[in-house]
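Below: the structure, in structure tokens.
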Amino acid sequence: MDPEAARTARESLDLAFHMSNILDTGLDRHTLSVLVALCDLGLNPEALAAVVKELQREPPTSTPLSSSSSQVP
């Protein structure tokens, strides 16, 4: 990506993140970046929004790690 395109992409993400904060979406910059990239790949933005809302509504699940999965071979 050339420097001008990178700067434009960064500015666009900054603007989207600012709007996201104004709308109090609770999305961090990385998550918003992933969602924008998925839209760029052709995923339906309304479907992505529905998934994000559903995931935000669900309480976090705590899955304990087994001792075998936390060891490095």
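Following the order of the structure tokens, first chain is A, next is B, and so on, with residues numbered from 1 inside each chain and ligands from 1 in the order they appear.
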
DSSP says alpha helix (DSSP H) for which residues of stretch 13-51 of chain A? Put them as a PyMOL selection string? chain A and resi 13-22+29-40+45-51

Could you dump the residues just selected with C-alpha atoms as a CSV table (one decimal), in the first residue's frame?
chain,number,residue,atom,x,y,z
A,13,LEU,CA,-10.6,4.5,10.4
A,14,ASP,CA,-10.1,7.5,12.7
A,15,LEU,CA,-13.3,9.0,11.5
A,16,ALA,CA,-15.2,5.8,11.8
A,17,PHE,CA,-13.8,5.3,15.3
A,18,HIS,CA,-14.8,8.8,16.3
A,19,MET,CA,-18.4,8.2,15.1
A,20,SER,CA,-18.4,4.8,16.9
A,21,ASN,CA,-17.5,6.6,20.1
A,22,ILE,CA,-20.2,9.3,19.6
A,29,ARG,CA,-10.4,0.5,17.2
A,30,HIS,CA,-9.1,-3.0,16.3
A,31,THR,CA,-12.6,-4.5,16.3
A,32,LEU,CA,-14.0,-1.7,14.2
A,33,SER,CA,-11.1,-2.2,11.7
A,34,VAL,CA,-11.9,-5.9,11.4
A,35,LEU,CA,-15.6,-5.0,10.8
A,36,VAL,CA,-14.8,-2.5,8.2
A,37,ALA,CA,-12.5,-5.0,6.4
A,38,LEU,CA,-15.3,-7.6,6.5
A,39,CYS,CA,-17.6,-5.1,4.9
A,40,ASP,CA,-14.9,-4.3,2.2
A,45,PRO,CA,-23.1,-4.7,7.2
A,46,GLU,CA,-26.5,-5.2,8.7
A,47,ALA,CA,-25.8,-8.8,9.4
A,48,LEU,CA,-22.5,-7.9,11.0
A,49,ALA,CA,-24.2,-5.3,13.2
A,50,ALA,CA,-26.7,-8.0,14.3
A,51,VAL,CA,-23.9,-10.3,15.2

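The gap separating atom CA of A:Leu43 from atom CA of A:Asp2 is 25.4 Å, in Å to one decimal.
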